[in-house]
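Below: the structure, in structure tokens.
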Amino acid sequence: GIPAEPLFRSRDGIFFNNTGCNLTNSLFKSNSAASNVPFYFKTTQGTVENNTETNNTISKNSFRDLKGIITSGGNVVNLEIDYKFKYGSKEDSKIGDGIPIEKNLILNGNGHTIDGDAYATFFEIYGKTLEVTFNNINFVNGLGFGIYIKSAKSVSFNNCTFHSIEGQESTDAVIYIDYNWDEAVTDSVLINGCRFIYNDIYNIIFANPGDYALTVKDSVFVNPDSTYDVFIKSHNTNNYLDYNWWGNTADDKDDSSLAKVDGTSHNLWHYLDVALNEGNAFISLDNINDGNTHAYGLPKISLSLTSVNANLDADSATLENGHATVGYEVTDLKGSLTLNYENVDFTKDLEYADDGSFTALQFIIDHTPDGSVINLTKNYTR
């Protein structure tokens, strides 16, 4: 028999493709196949005997509940709790391809989370005249697509986070903009101040051709889990992609592939930088085109600086024109400073500044391990 706990997830339960398959004395527990059947035969020879299927009950924070709130509510819906796809629920499995949105809607997440449980698409938008806006929502653990836009007048995402969405096909995307001749986006798609973090998927945004404007601004793209190389797959010529951050540092900012935009230029994007000068660390999130900071619109502009074998002087910190300067003192022969922004680190190595004084020589002696040999490379004077 098949073990009670599922070995894999599939939209059609267990799929038999060979003859002579026998299934007996097995339990199907907490399955959510879209067809509402626990198994499917593609062969005429096989037996199915003494098997049972059980499913969990729906709580008040399921996808079915969220669909009900959206369907029965007005055009403005405010989330008050988190919602999660219920793996094992027949009701949720029916909308595993996305909760349908078929009316004008402003969905205010208020920082709450919609969790696809690594199985479901969050929403499918369908309607030529629809105007849909998502505000301040955390979308996590989607499968295949995050948001599937089949048709609409306009769709906007403001201050949303998309985290841990997994793709299976080359056209899968966190945000997918479809085009089927008479069914398409007619006006605009706006992605403003959003974060795309740890998504293992071919495309973050897949934009099919159309007459709409695609605007992506002040957003963060960090995808270290992905084995793929396209953040924005754009077949649309009406694009505005300025002032985003692609998860780059001063060491790799000149590698244009890191912008990962297909079909359009990456325009103005930012990189992390820490420059060292005589005991001061110069910190910035700079624009690659002109070296100036234009990152004020990016979400949570809070750059953290940590040290190893170095003391940071918080009292010396200054901020001017978007650039920060912090004093530091090395406390060992070698150390490091690490700048972090949105899950990306940039580390600069430090070395003790040997000025040839007796004080410097004493410091080198004191911080050299016992039994080690010191090779002097300069003269020292009192």
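Residue numbering restarts at 1 in every chain; chains get A, B, ... in the order shown in the structure tokens, and ligands count up from 1 in that same order.
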Skipping near chain neighbours, those fewer than 4 positions away, what residues fall within 7 Å of segment 104-119 of chain A using only C-alpha atoms, listed as a PDB file with N, CA, C and O atoms, in the first residue's frame?
```
ATOM      1  N   ASN A  75     -15.630  46.774  -2.310  1.00  0.00           N
ATOM      2  CA  ASN A  75     -14.478  46.934  -3.184  1.00  0.00           C
ATOM      3  C   ASN A  75     -13.188  47.242  -2.429  1.00  0.00           C
ATOM      4  O   ASN A  75     -12.106  47.278  -3.023  1.00  0.00           O
ATOM      5  N   VAL A  76     -13.306  47.479  -1.119  1.00  0.00           N
ATOM      6  CA  VAL A  76     -12.134  47.659  -0.262  1.00  0.00           C
ATOM      7  C   VAL A  76     -12.198  46.618   0.848  1.00  0.00           C
ATOM      8  O   VAL A  76     -13.164  46.582   1.618  1.00  0.00           O
ATOM      9  N   VAL A  77     -11.187  45.754   0.919  1.00  0.00           N
ATOM     10  CA  VAL A  77     -11.146  44.676   1.916  1.00  0.00           C
ATOM     11  C   VAL A  77      -9.884  44.838   2.744  1.00  0.00           C
ATOM     12  O   VAL A  77      -8.776  44.961   2.194  1.00  0.00           O
ATOM     13  N   ASN A  78     -10.028  44.843   4.065  1.00  0.00           N
ATOM     14  CA  ASN A  78      -8.911  44.957   4.993  1.00  0.00           C
ATOM     15  C   ASN A  78      -8.687  43.629   5.704  1.00  0.00           C
ATOM     16  O   ASN A  78      -9.595  43.115   6.370  1.00  0.00           O
ATOM     17  N   LEU A  79      -7.494  43.067   5.553  1.00  0.00           N
ATOM     18  CA  LEU A  79      -7.181  41.810   6.222  1.00  0.00           C
ATOM     19  C   LEU A  79      -6.877  42.072   7.694  1.00  0.00           C
ATOM     20  O   LEU A  79      -6.132  42.996   8.023  1.00  0.00           O
ATOM     21  N   ILE A  81      -6.256  39.098   9.763  1.00  0.00           N
ATOM     22  CA  ILE A  81      -5.510  37.918  10.190  1.00  0.00           C
ATOM     23  C   ILE A  81      -4.695  37.400   9.013  1.00  0.00           C
ATOM     24  O   ILE A  81      -4.855  37.862   7.877  1.00  0.00           O
ATOM     25  N   ASP A  82      -3.817  36.421   9.275  1.00  0.00           N
ATOM     26  CA  ASP A  82      -3.099  35.731   8.217  1.00  0.00           C
ATOM     27  C   ASP A  82      -3.986  34.642   7.617  1.00  0.00           C
ATOM     28  O   ASP A  82      -4.882  34.117   8.286  1.00  0.00           O
ATOM     29  N   TYR A  83      -3.695  34.277   6.365  1.00  0.00           N
ATOM     30  CA  TYR A  83      -4.438  33.204   5.695  1.00  0.00           C
ATOM     31  C   TYR A  83      -3.456  32.202   5.115  1.00  0.00           C
ATOM     32  O   TYR A  83      -2.356  32.568   4.672  1.00  0.00           O
ATOM     33  N   LYS A  84      -3.870  30.917   5.105  1.00  0.00           N
ATOM     34  CA  LYS A  84      -2.993  29.867   4.607  1.00  0.00           C
ATOM     35  C   LYS A  84      -3.788  28.826   3.838  1.00  0.00           C
ATOM     36  O   LYS A  84      -4.868  28.413   4.259  1.00  0.00           O
ATOM     37  N   PHE A  85      -3.226  28.413   2.702  1.00  0.00           N
ATOM     38  CA  PHE A  85      -3.816  27.325   1.931  1.00  0.00           C
ATOM     39  C   PHE A  85      -3.799  26.054   2.775  1.00  0.00           C
ATOM     40  O   PHE A  85      -2.781  25.716   3.373  1.00  0.00           O
ATOM     41  N   LEU A 130     -11.207  45.506 -14.852  1.00  0.00           N
ATOM     42  CA  LEU A 130     -10.908  45.483 -13.425  1.00  0.00           C
ATOM     43  C   LEU A 130      -9.735  46.391 -13.068  1.00  0.00           C
ATOM     44  O   LEU A 130      -8.744  46.472 -13.795  1.00  0.00           O
ATOM     45  N   GLU A 131      -9.874  47.039 -11.923  1.00  0.00           N
ATOM     46  CA  GLU A 131      -8.781  47.790 -11.317  1.00  0.00           C
ATOM     47  C   GLU A 131      -8.530  47.161  -9.948  1.00  0.00           C
ATOM     48  O   GLU A 131      -9.374  47.240  -9.051  1.00  0.00           O
ATOM     49  N   VAL A 132      -7.347  46.546  -9.781  1.00  0.00           N
ATOM     50  CA  VAL A 132      -7.044  45.768  -8.579  1.00  0.00           C
ATOM     51  C   VAL A 132      -5.761  46.304  -7.951  1.00  0.00           C
ATOM     52  O   VAL A 132      -4.766  46.526  -8.654  1.00  0.00           O
ATOM     53  N   THR A 133      -5.790  46.493  -6.636  1.00  0.00           N
ATOM     54  CA  THR A 133      -4.626  46.994  -5.917  1.00  0.00           C
ATOM     55  C   THR A 133      -4.359  46.129  -4.696  1.00  0.00           C
ATOM     56  O   THR A 133      -5.278  45.819  -3.930  1.00  0.00           O
ATOM     57  N   PHE A 134      -3.096  45.728  -4.519  1.00  0.00           N
ATOM     58  CA  PHE A 134      -2.660  44.999  -3.332  1.00  0.00           C
ATOM     59  C   PHE A 134      -1.740  45.909  -2.534  1.00  0.00           C
ATOM     60  O   PHE A 134      -0.725  46.386  -3.055  1.00  0.00           O
ATOM     61  N   ASN A 135      -2.047  46.111  -1.261  1.00  0.00           N
ATOM     62  CA  ASN A 135      -1.248  46.977  -0.403  1.00  0.00           C
ATOM     63  C   ASN A 135      -0.728  46.225   0.815  1.00  0.00           C
ATOM     64  O   ASN A 135      -1.505  45.586   1.539  1.00  0.00           O
ATOM     65  N   ASN A 136       0.592  46.259   1.038  1.00  0.00           N
ATOM     66  CA  ASN A 136       1.201  45.805   2.293  1.00  0.00           C
ATOM     67  C   ASN A 136       0.799  44.380   2.662  1.00  0.00           C
ATOM     68  O   ASN A 136       0.289  44.122   3.750  1.00  0.00           O
ATOM     69  N   ILE A 137       1.055  43.449   1.755  1.00  0.00           N
ATOM     70  CA  ILE A 137       0.743  42.038   1.968  1.00  0.00           C
ATOM     71  C   ILE A 137       2.028  41.223   1.842  1.00  0.00           C
ATOM     72  O   ILE A 137       2.856  41.475   0.964  1.00  0.00           O
ATOM     73  N   ASN A 138       2.199  40.231   2.705  1.00  0.00           N
ATOM     74  CA  ASN A 138       3.301  39.274   2.604  1.00  0.00           C
ATOM     75  C   ASN A 138       2.785  38.010   1.927  1.00  0.00           C
ATOM     76  O   ASN A 138       1.939  37.299   2.488  1.00  0.00           O
ATOM     77  N   PHE A 139       3.286  37.730   0.732  1.00  0.00           N
ATOM     78  CA  PHE A 139       2.932  36.509   0.012  1.00  0.00           C
ATOM     79  C   PHE A 139       4.078  35.516   0.171  1.00  0.00           C
ATOM     80  O   PHE A 139       5.212  35.806  -0.224  1.00  0.00           O
ATOM     81  N   VAL A 140       3.808  34.333   0.722  1.00  0.00           N
ATOM     82  CA  VAL A 140       4.879  33.359   0.969  1.00  0.00           C
ATOM     83  C   VAL A 140       4.460  31.969   0.501  1.00  0.00           C
ATOM     84  O   VAL A 140       3.281  31.616   0.484  1.00  0.00           O
ATOM     85  N   ASN A 141       5.456  31.180   0.093  1.00  0.00           N
ATOM     86  CA  ASN A 141       5.290  29.750  -0.195  1.00  0.00           C
ATOM     87  C   ASN A 141       4.274  29.474  -1.296  1.00  0.00           C
ATOM     88  O   ASN A 141       3.413  28.606  -1.166  1.00  0.00           O
ATOM     89  N   GLY A 142       4.395  30.189  -2.414  1.00  0.00           N
ATOM     90  CA  GLY A 142       3.546  29.899  -3.564  1.00  0.00           C
ATOM     91  C   GLY A 142       4.173  28.845  -4.454  1.00  0.00           C
ATOM     92  O   GLY A 142       5.360  28.513  -4.339  1.00  0.00           O
ATOM     93  N   LEU A 143       3.368  28.307  -5.385  1.00  0.00           N
ATOM     94  CA  LEU A 143       3.854  27.285  -6.307  1.00  0.00           C
ATOM     95  C   LEU A 143       3.408  27.631  -7.725  1.00  0.00           C
ATOM     96  O   LEU A 143       2.230  27.840  -7.979  1.00  0.00           O
TER      97      LEU A 143
END
```
>> Taking 6 positions as the minimum chain separation for residues in the same chain, which residues sit within 9 Å of Ala317 of chain A when counting only C-alpha atoms? Answer as a VMD selection string.
In response: chain A and resid 324 to 327
Selected residues written out with C-alpha atoms, as an mmCIF file, in the first residue's frame:
```cif
data_model
loop_
_atom_site.group_PDB
_atom_site.id
_atom_site.type_symbol
_atom_site.label_atom_id
_atom_site.label_comp_id
_atom_site.auth_asym_id
_atom_site.auth_seq_id
_atom_site.Cartn_x
_atom_site.Cartn_y
_atom_site.Cartn_z
ATOM 1 C CA ALA A 324 26.785 57.515 6.043
ATOM 2 C CA THR A 325 30.252 57.719 7.571
ATOM 3 C CA VAL A 326 31.213 55.753 10.709
ATOM 4 C CA GLY A 327 34.579 55.714 12.447
#
```
>> So, with only C-alpha atoms as the atoms that count, which of A:Tyr341, A:His235, A:Asp187, A:Asn309 lies closest to Ser284 of chain A?
In response: A:Tyr341
>> For a test of reading the model, state the distance in Å between atom CA of Ala353 of chain A and atom CA of Ser302 of chain A, rounded to one decimal.
In response: 29.5 Å
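The shell of residues at most 12 Å from Asp251 of chain A, with only C-alpha atoms counted and near chain neighbours (fewer than 2 positions) removed, consists of Gly247, Asn248, Thr249, Lys253, Asp254, Asp255, Leu258, Tyr271, Leu272, Asp273, Val274, Ala275, Ile288, Asp345, Phe346, Thr347 and Lys348 of chain A.
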Same residues, N, CA and C atoms, output as a PDB file, in the first residue's frame:
```pdb
ATOM      1  N   GLY A 247      20.253  43.441  -5.690  1.00  0.00           N
ATOM      2  CA  GLY A 247      21.043  42.577  -4.825  1.00  0.00           C
ATOM      3  C   GLY A 247      22.507  42.558  -5.150  1.00  0.00           C
ATOM      4  N   ASN A 248      23.078  43.709  -5.544  1.00  0.00           N
ATOM      5  CA  ASN A 248      24.471  43.762  -5.971  1.00  0.00           C
ATOM      6  C   ASN A 248      25.321  44.601  -5.036  1.00  0.00           C
ATOM      7  N   THR A 249      26.627  44.368  -5.116  1.00  0.00           N
ATOM      8  CA  THR A 249      27.591  45.099  -4.301  1.00  0.00           C
ATOM      9  C   THR A 249      28.566  45.834  -5.210  1.00  0.00           C
ATOM     10  N   LYS A 253      28.966  45.217  -9.339  1.00  0.00           N
ATOM     11  CA  LYS A 253      28.025  46.155  -9.944  1.00  0.00           C
ATOM     12  C   LYS A 253      28.224  46.324 -11.443  1.00  0.00           C
ATOM     13  N   ASP A 254      29.422  46.067 -11.941  1.00  0.00           N
ATOM     14  CA  ASP A 254      29.686  46.278 -13.357  1.00  0.00           C
ATOM     15  C   ASP A 254      29.337  45.061 -14.214  1.00  0.00           C
ATOM     16  N   ASP A 255      28.886  43.999 -13.580  1.00  0.00           N
ATOM     17  CA  ASP A 255      28.473  42.810 -14.326  1.00  0.00           C
ATOM     18  C   ASP A 255      27.009  42.989 -14.702  1.00  0.00           C
ATOM     19  N   LEU A 258      23.962  40.758 -13.793  1.00  0.00           N
ATOM     20  CA  LEU A 258      23.367  40.710 -12.467  1.00  0.00           C
ATOM     21  C   LEU A 258      22.073  41.500 -12.380  1.00  0.00           C
ATOM     22  N   TYR A 271      23.672  49.674  -5.867  1.00  0.00           N
ATOM     23  CA  TYR A 271      24.588  48.672  -5.346  1.00  0.00           C
ATOM     24  C   TYR A 271      25.079  49.085  -3.959  1.00  0.00           C
ATOM     25  N   LEU A 272      25.413  48.078  -3.151  1.00  0.00           N
ATOM     26  CA  LEU A 272      25.981  48.324  -1.827  1.00  0.00           C
ATOM     27  C   LEU A 272      27.446  48.698  -1.945  1.00  0.00           C
ATOM     28  N   ASP A 273      27.886  49.615  -1.096  1.00  0.00           N
ATOM     29  CA  ASP A 273      29.305  49.966  -1.116  1.00  0.00           C
ATOM     30  C   ASP A 273      29.761  50.374   0.280  1.00  0.00           C
ATOM     31  N   VAL A 274      30.945  49.905   0.650  1.00  0.00           N
ATOM     32  CA  VAL A 274      31.641  50.357   1.855  1.00  0.00           C
ATOM     33  C   VAL A 274      33.064  50.723   1.431  1.00  0.00           C
ATOM     34  N   ALA A 275      33.399  51.982   1.533  1.00  0.00           N
ATOM     35  CA  ALA A 275      34.750  52.436   1.222  1.00  0.00           C
ATOM     36  C   ALA A 275      35.465  52.793   2.522  1.00  0.00           C
ATOM     37  N   ILE A 288      24.168  53.016  -9.930  1.00  0.00           N
ATOM     38  CA  ILE A 288      25.294  52.519 -10.727  1.00  0.00           C
ATOM     39  C   ILE A 288      25.686  53.482 -11.834  1.00  0.00           C
ATOM     40  N   ASP A 345      24.912  40.691   1.965  1.00  0.00           N
ATOM     41  CA  ASP A 345      26.047  41.208   2.721  1.00  0.00           C
ATOM     42  C   ASP A 345      27.156  41.657   1.774  1.00  0.00           C
ATOM     43  N   PHE A 346      27.866  42.699   2.183  1.00  0.00           N
ATOM     44  CA  PHE A 346      29.065  43.143   1.479  1.00  0.00           C
ATOM     45  C   PHE A 346      30.149  43.358   2.526  1.00  0.00           C
ATOM     46  N   THR A 347      31.233  42.591   2.441  1.00  0.00           N
ATOM     47  CA  THR A 347      32.272  42.592   3.472  1.00  0.00           C
ATOM     48  C   THR A 347      33.566  43.202   2.948  1.00  0.00           C
ATOM     49  N   LYS A 348      34.145  44.065   3.764  1.00  0.00           N
ATOM     50  CA  LYS A 348      35.456  44.640   3.468  1.00  0.00           C
ATOM     51  C   LYS A 348      36.439  44.181   4.540  1.00  0.00           C
TER      52      LYS A 348
END
```
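The space between atom CA of Phe358 of chain A and atom CA of Asn379 of chain A spans 9.8 Å.
The shell of residues at most 9 Å from Pro209 of chain A, with only C-alpha atoms counted and near chain neighbours (fewer than 2 positions) removed, consists of Ile177, Asp178, Tyr179, Ala207, Asp211, Tyr212, Ser234, His235, Asn236 and Thr237 of chain A.
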> Got a sec to tell me which of segment 90-189 of chain A DSSP assigns to strand (DSSP E or B), as an MDAnalysis selection string?
Replying inline: chainID A and resid 99:101 105:108 113:115 123:125 131:135 138:140 143 145:149 152:158 161:163 166 173:177 179:180 183:189
Saved selection, atoms kept: N, CA and C atoms, as a short mmCIF file (atom, residue, chain, number, x, y, z; two decimals), in the first residue's frame:
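Listed below is the output, selection.cif:
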```cif
data_model
loop_
_atom_site.label_atom_id
_atom_site.label_comp_id
_atom_site.auth_asym_id
_atom_site.auth_seq_id
_atom_site.Cartn_x
_atom_site.Cartn_y
_atom_site.Cartn_z
N ILE A 99 -7.03 32.20 -5.96
CA ILE A 99 -8.33 32.73 -5.56
C ILE A 99 -8.78 33.70 -6.64
N PRO A 100 -9.96 33.51 -7.23
CA PRO A 100 -10.37 34.37 -8.33
C PRO A 100 -10.75 35.78 -7.86
N ILE A 101 -10.27 36.77 -8.59
CA ILE A 101 -10.69 38.15 -8.38
C ILE A 101 -11.39 38.60 -9.66
N LEU A 105 -11.08 45.88 -6.85
CA LEU A 105 -10.73 45.53 -5.47
C LEU A 105 -9.49 46.28 -5.02
N ILE A 106 -9.54 46.78 -3.80
CA ILE A 106 -8.36 47.23 -3.07
C ILE A 106 -8.22 46.31 -1.87
N LEU A 107 -7.15 45.51 -1.85
CA LEU A 107 -6.93 44.55 -0.76
C LEU A 107 -5.80 45.09 0.11
N ASN A 108 -6.15 45.56 1.29
CA ASN A 108 -5.19 46.10 2.25
C ASN A 108 -4.75 44.99 3.19
N THR A 113 -0.02 37.98 6.30
CA THR A 113 0.59 37.02 5.39
C THR A 113 -0.45 36.15 4.73
N ILE A 114 -0.27 35.91 3.43
CA ILE A 114 -1.05 34.92 2.69
C ILE A 114 -0.07 33.83 2.29
N ASP A 115 -0.28 32.62 2.78
CA ASP A 115 0.67 31.50 2.67
C ASP A 115 0.08 30.43 1.75
N PHE A 123 -3.56 34.42 -6.24
CA PHE A 123 -4.72 35.03 -6.87
C PHE A 123 -4.65 34.89 -8.38
N GLU A 124 -5.83 34.79 -9.01
CA GLU A 124 -5.97 34.89 -10.45
C GLU A 124 -6.94 36.03 -10.74
N ILE A 125 -6.48 36.99 -11.53
CA ILE A 125 -7.28 38.19 -11.83
C ILE A 125 -7.83 38.06 -13.23
N GLU A 131 -9.87 47.04 -11.92
CA GLU A 131 -8.78 47.79 -11.32
C GLU A 131 -8.53 47.16 -9.95
N VAL A 132 -7.35 46.55 -9.78
CA VAL A 132 -7.04 45.77 -8.58
C VAL A 132 -5.76 46.30 -7.95
N THR A 133 -5.79 46.49 -6.64
CA THR A 133 -4.63 46.99 -5.92
C THR A 133 -4.36 46.13 -4.70
N PHE A 134 -3.10 45.73 -4.52
CA PHE A 134 -2.66 45.00 -3.33
C PHE A 134 -1.74 45.91 -2.53
N ASN A 135 -2.05 46.11 -1.26
CA ASN A 135 -1.25 46.98 -0.40
C ASN A 135 -0.73 46.22 0.82
N ASN A 138 2.20 40.23 2.70
CA ASN A 138 3.30 39.27 2.60
C ASN A 138 2.79 38.01 1.93
N PHE A 139 3.29 37.73 0.73
CA PHE A 139 2.93 36.51 0.01
C PHE A 139 4.08 35.52 0.17
N VAL A 140 3.81 34.33 0.72
CA VAL A 140 4.88 33.36 0.97
C VAL A 140 4.46 31.97 0.50
N LEU A 143 3.37 28.31 -5.38
CA LEU A 143 3.85 27.29 -6.31
C LEU A 143 3.41 27.63 -7.73
N PHE A 145 2.94 30.02 -9.82
CA PHE A 145 2.75 31.46 -9.96
C PHE A 145 2.44 32.04 -8.59
N GLY A 146 2.80 33.32 -8.44
CA GLY A 146 2.34 34.03 -7.26
C GLY A 146 1.00 34.66 -7.54
N ILE A 147 1.00 35.63 -8.45
CA ILE A 147 -0.21 36.30 -8.91
C ILE A 147 -0.30 36.08 -10.42
N TYR A 148 -1.44 35.56 -10.87
CA TYR A 148 -1.66 35.33 -12.30
C TYR A 148 -2.66 36.36 -12.80
N ILE A 149 -2.17 37.28 -13.65
CA ILE A 149 -3.03 38.33 -14.19
C ILE A 149 -3.45 37.91 -15.59
N ALA A 152 -7.13 42.53 -17.13
CA ALA A 152 -7.51 43.60 -16.21
C ALA A 152 -7.28 44.93 -16.92
N LYS A 153 -7.83 45.99 -16.35
CA LYS A 153 -7.46 47.32 -16.81
C LYS A 153 -6.13 47.72 -16.18
N SER A 154 -6.05 47.59 -14.86
CA SER A 154 -4.80 47.93 -14.17
C SER A 154 -4.67 47.09 -12.91
N VAL A 155 -3.41 46.78 -12.55
CA VAL A 155 -3.11 46.04 -11.33
C VAL A 155 -1.91 46.73 -10.67
N SER A 156 -2.01 46.98 -9.36
CA SER A 156 -0.94 47.66 -8.64
C SER A 156 -0.55 46.86 -7.41
N PHE A 157 0.75 46.84 -7.12
CA PHE A 157 1.30 46.22 -5.92
C PHE A 157 2.11 47.28 -5.19
N ASN A 158 1.74 47.58 -3.96
CA ASN A 158 2.43 48.59 -3.17
C ASN A 158 2.92 47.99 -1.85
N THR A 161 5.57 41.97 -0.12
CA THR A 161 6.72 41.07 -0.10
C THR A 161 6.33 39.73 -0.70
N PHE A 162 7.20 39.21 -1.58
CA PHE A 162 7.00 37.89 -2.18
C PHE A 162 8.19 37.04 -1.78
N HIS A 163 7.94 35.98 -1.04
CA HIS A 163 9.01 35.20 -0.42
C HIS A 163 8.77 33.71 -0.64
N GLU A 166 8.08 29.01 -5.53
CA GLU A 166 8.83 28.03 -6.31
C GLU A 166 8.20 27.83 -7.68
N ALA A 173 6.21 32.44 -12.90
CA ALA A 173 6.67 33.75 -12.44
C ALA A 173 5.96 34.11 -11.15
N VAL A 174 6.63 34.93 -10.34
CA VAL A 174 5.97 35.46 -9.15
C VAL A 174 4.77 36.30 -9.55
N ILE A 175 4.96 37.17 -10.53
CA ILE A 175 3.85 37.93 -11.11
C ILE A 175 3.85 37.64 -12.60
N TYR A 176 2.77 37.05 -13.09
CA TYR A 176 2.66 36.66 -14.50
C TYR A 176 1.56 37.48 -15.16
N ILE A 177 1.94 38.18 -16.24
CA ILE A 177 0.99 39.01 -16.98
C ILE A 177 0.70 38.32 -18.30
N TYR A 179 -1.37 37.23 -21.93
CA TYR A 179 -1.87 37.93 -23.12
C TYR A 179 -2.49 36.90 -24.06
N ASN A 180 -3.81 37.01 -24.26
CA ASN A 180 -4.53 36.10 -25.14
C ASN A 180 -5.40 36.89 -26.10
N GLU A 183 -7.95 39.10 -24.44
CA GLU A 183 -7.90 39.09 -22.99
C GLU A 183 -6.49 39.52 -22.56
N ALA A 184 -6.39 40.71 -21.97
CA ALA A 184 -5.06 41.20 -21.62
C ALA A 184 -5.20 42.37 -20.65
N VAL A 185 -4.06 42.86 -20.19
CA VAL A 185 -4.04 44.10 -19.41
C VAL A 185 -4.08 45.26 -20.40
N THR A 186 -4.98 46.20 -20.18
CA THR A 186 -5.18 47.27 -21.16
C THR A 186 -4.52 48.58 -20.76
N ASP A 187 -4.22 48.78 -19.47
CA ASP A 187 -3.71 50.08 -19.06
C ASP A 187 -2.33 49.99 -18.40
N SER A 188 -2.23 49.35 -17.24
CA SER A 188 -0.94 49.41 -16.54
C SER A 188 -0.81 48.31 -15.50
N VAL A 189 0.47 47.97 -15.21
CA VAL A 189 0.84 47.15 -14.06
C VAL A 189 1.92 47.92 -13.32
#
```
